[in-house]
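A.B. asks: This is my_file.cif, which holds mmCIF, C-alpha atoms:
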```cif
data_structure
loop_
_atom_site.label_atom_id
_atom_site.label_comp_id
_atom_site.auth_asym_id
_atom_site.auth_seq_id
_atom_site.Cartn_x
_atom_site.Cartn_y
_atom_site.Cartn_z
CA MET A 1 86.64 121.55 94.74
CA LYS A 2 88.65 123.43 97.30
CA THR A 3 89.33 127.12 96.88
CA PHE A 4 92.79 128.60 96.80
CA GLU A 5 92.08 131.91 98.50
CA LYS A 6 94.70 131.08 101.15
CA ALA A 7 97.26 129.63 98.74
CA ASP A 8 100.86 130.41 99.66
CA PHE A 9 102.71 131.75 96.63
CA ASP A 10 105.54 133.19 98.75
CA SER A 11 107.57 129.97 98.75
CA PRO A 12 109.88 129.19 95.81
CA GLU A 13 107.90 128.01 92.75
CA GLU A 14 109.56 124.59 92.71
CA GLU A 15 107.98 123.93 96.13
CA TRP A 16 104.41 124.82 95.08
CA ILE A 17 103.46 121.23 94.23
CA GLU A 18 104.40 118.34 96.50
CA ILE A 19 103.25 114.73 96.26
CA LYS A 20 102.76 113.74 99.87
CA LYS A 21 101.48 110.15 99.67
CA ARG A 22 100.92 107.48 97.04
CA THR A 23 99.93 103.82 96.87
CA ASP A 24 102.36 101.01 96.05
CA ASN A 25 101.19 101.09 92.42
CA GLY A 26 101.89 104.82 92.13
CA THR A 27 98.42 106.31 92.52
CA VAL A 28 98.73 109.71 94.18
CA LEU A 29 96.64 109.85 97.35
CA GLU A 30 97.66 113.22 98.81
CA THR A 31 99.35 116.38 97.58
CA ILE A 32 100.08 119.82 98.91
CA ILE A 33 99.49 122.60 96.39
CA CYS A 34 100.71 126.01 97.57
CA GLY A 35 100.13 124.98 101.19
CA ILE A 36 96.66 123.48 100.59
CA ASP A 37 96.09 119.76 101.21
CA LEU A 38 94.39 117.96 98.32
CA THR A 39 93.55 114.36 97.53
CA GLY A 40 95.04 112.78 94.45
CA ILE A 41 91.64 112.89 92.76
CA GLU A 42 91.26 116.61 93.55
CA THR A 43 94.73 117.22 92.12
CA ARG A 44 93.87 115.19 89.03
CA GLU A 45 90.73 117.29 88.51
CA LEU A 46 92.50 120.60 89.23
CA PHE A 47 95.10 120.01 86.53
CA ALA A 48 92.80 118.02 84.18
CA LEU A 49 95.07 114.98 84.31
CA ARG A 50 93.82 111.75 82.75
CA SER A 51 94.79 109.66 85.80
CA PRO A 52 95.80 110.02 89.46
CA VAL A 53 98.97 108.05 88.66
CA PHE A 54 101.44 110.85 87.98
CA ASP A 55 104.77 112.42 88.79
CA VAL A 56 105.54 116.12 88.69
CA THR A 57 108.84 117.87 88.11
CA TYR A 58 109.80 121.52 87.87
CA GLU A 59 112.10 122.58 85.04
CA ASP A 60 112.89 125.98 83.55
CA GLY A 61 109.98 127.69 85.30
CA GLU A 62 107.40 125.05 84.36
CA PHE A 63 105.76 122.13 86.10
CA ILE A 64 105.83 118.96 84.03
CA PHE A 65 103.33 116.21 84.79
CA THR A 66 104.11 112.68 83.64
CA VAL A 67 100.86 110.71 83.77
CA SER A 68 100.37 106.95 83.50
CA GLY A 69 97.14 105.25 82.58
CA TYR A 70 93.61 106.53 82.26
CA GLY A 71 90.65 106.83 84.58
CA HIS A 72 90.13 107.18 88.29
CA GLY A 73 92.53 104.45 89.39
CA VAL A 74 90.04 102.42 91.40
CA GLY A 75 88.79 99.81 88.98
CA MET A 76 89.34 97.66 85.96
CA SER A 77 90.86 99.06 82.79
CA GLN A 78 88.45 98.32 79.96
CA ASN A 79 91.28 98.36 77.42
CA GLY A 80 93.49 96.18 79.59
CA ALA A 81 90.71 93.68 80.24
CA ASN A 82 89.92 93.57 76.51
CA CYS A 83 93.57 92.85 75.67
CA MET A 84 93.71 90.10 78.29
CA ALA A 85 90.53 88.54 76.84
CA LYS A 86 92.04 88.64 73.34
CA GLU A 87 95.07 86.81 74.77
CA GLY A 88 92.71 84.05 75.93
CA LYS A 89 92.43 84.95 79.63
CA THR A 90 89.18 83.92 81.31
CA ALA A 91 86.82 86.37 83.00
CA GLU A 92 87.93 84.98 86.36
CA GLU A 93 91.62 85.53 85.54
CA ILE A 94 90.92 89.08 84.43
CA ILE A 95 88.90 89.92 87.55
CA LYS A 96 91.57 88.46 89.84
CA HIS A 97 94.24 90.46 88.00
CA TYR A 98 92.49 93.77 88.75
CA TYR A 99 90.96 92.96 92.13
CA LYS A 100 93.52 91.27 94.37
CA GLY A 101 92.29 88.89 97.06
CA VAL A 102 88.79 88.42 95.67
CA THR A 103 86.93 85.15 95.81
CA ILE A 104 84.61 84.23 92.97
CA GLU A 105 81.73 81.94 93.82
CA HIS A 106 79.54 80.13 91.34
CA ASN A 107 75.91 79.53 92.32
#
```
Please rewrite the model in this file as structure tokens.
C.D. replies:
Amino acid sequence: MKTFEKADFDSPEEEWIEIKKRTDNGTVLETIICGIDLTGIETRELFALRSPVFDVTYEDGEFIFTVSGYGHGVGMSQNGANCMAKEGKTAEEIIKHYYKGVTIEHN
């Protein structure tokens, strides 16, 4: 984890956390925390968030994180896959739902 020895706390508090880049599905890829560049995963770990899919707002002197989902954001949701299976989806349908553009070959 990066250190914050050179963190800039001189800027207004509402500017301390900035989401710089995210994927189309909302996963945070890059943030700037008090002038320090972090990945979305580093930010998730720093604030003990359950997922890198989050928004952050500043209200009444507090940062409020709104987090969606669970996990690291790079794979299949076990709960989601289980629900799809209970709905009658096949393994192939479930895999193609989570991993776009894959080809499944049967030997």
A.B. asks: Of the candidates A:Ser68, A:Thr103, A:Gln78, A:Thr3, which one gets nearest to Leu46 (chain A) if we count all atoms listed in the file?
C.D. replies: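 The answer is A:Thr3, which sits nearest to Leu46 (chain A).
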A.B. asks: So which residues touch Met76 (chain A) within 12 Å, counting all atoms listed in the file, skipping near sequence neighbours fewer than 3 positions away, as a ChimeraX atom specification?
C.D. replies: /A:69-73,79-82,84,91,94-100
A.B. asks: Of the candidates A:Thr31, A:Glu62, A:Asp37, A:Thr23, which shows the shortest atom-to-atom distance to Phe4 (chain A), using all atoms listed in the file?
C.D. replies: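 Nearest to Phe4 (chain A): A:Asp37.
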A.B. asks: Of the residues A:Glu87, A:Tyr58, A:Ser77, A:Thr39, which is the one nearest to Lys21 (chain A), using only C-alpha atoms?
C.D. replies: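 The closest residue to Lys21 (chain A) is A:Thr39.
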A.B. asks: Smallest atom-to-atom distance to Glu18 (chain A): which of A:Glu30, A:Glu5, A:Glu105, A:Glu42, using all atoms listed in the file?
C.D. replies: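 Ranked by minimum distance to Glu18 (chain A), first place goes to A:Glu30.
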A.B. asks: When you count all atoms listed in the file, which of these residues is closest to Cys34 (chain A): A:Glu13, A:Asp55, A:Asp60, A:Asp8?
C.D. replies: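 Distance minimum relative to Cys34 (chain A) lands on A:Asp8.
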A.B. asks: Place a sphere of radius 10 Å on (95.9, 115.9, 88.4) in the file coordinates and name every protein, DNA or RNA residue with an atom inside or on its surface, counting all atoms listed in the file; give the answer as a ChimeraX atom specification.
C.D. replies: /A:28,31,39-56,65,67
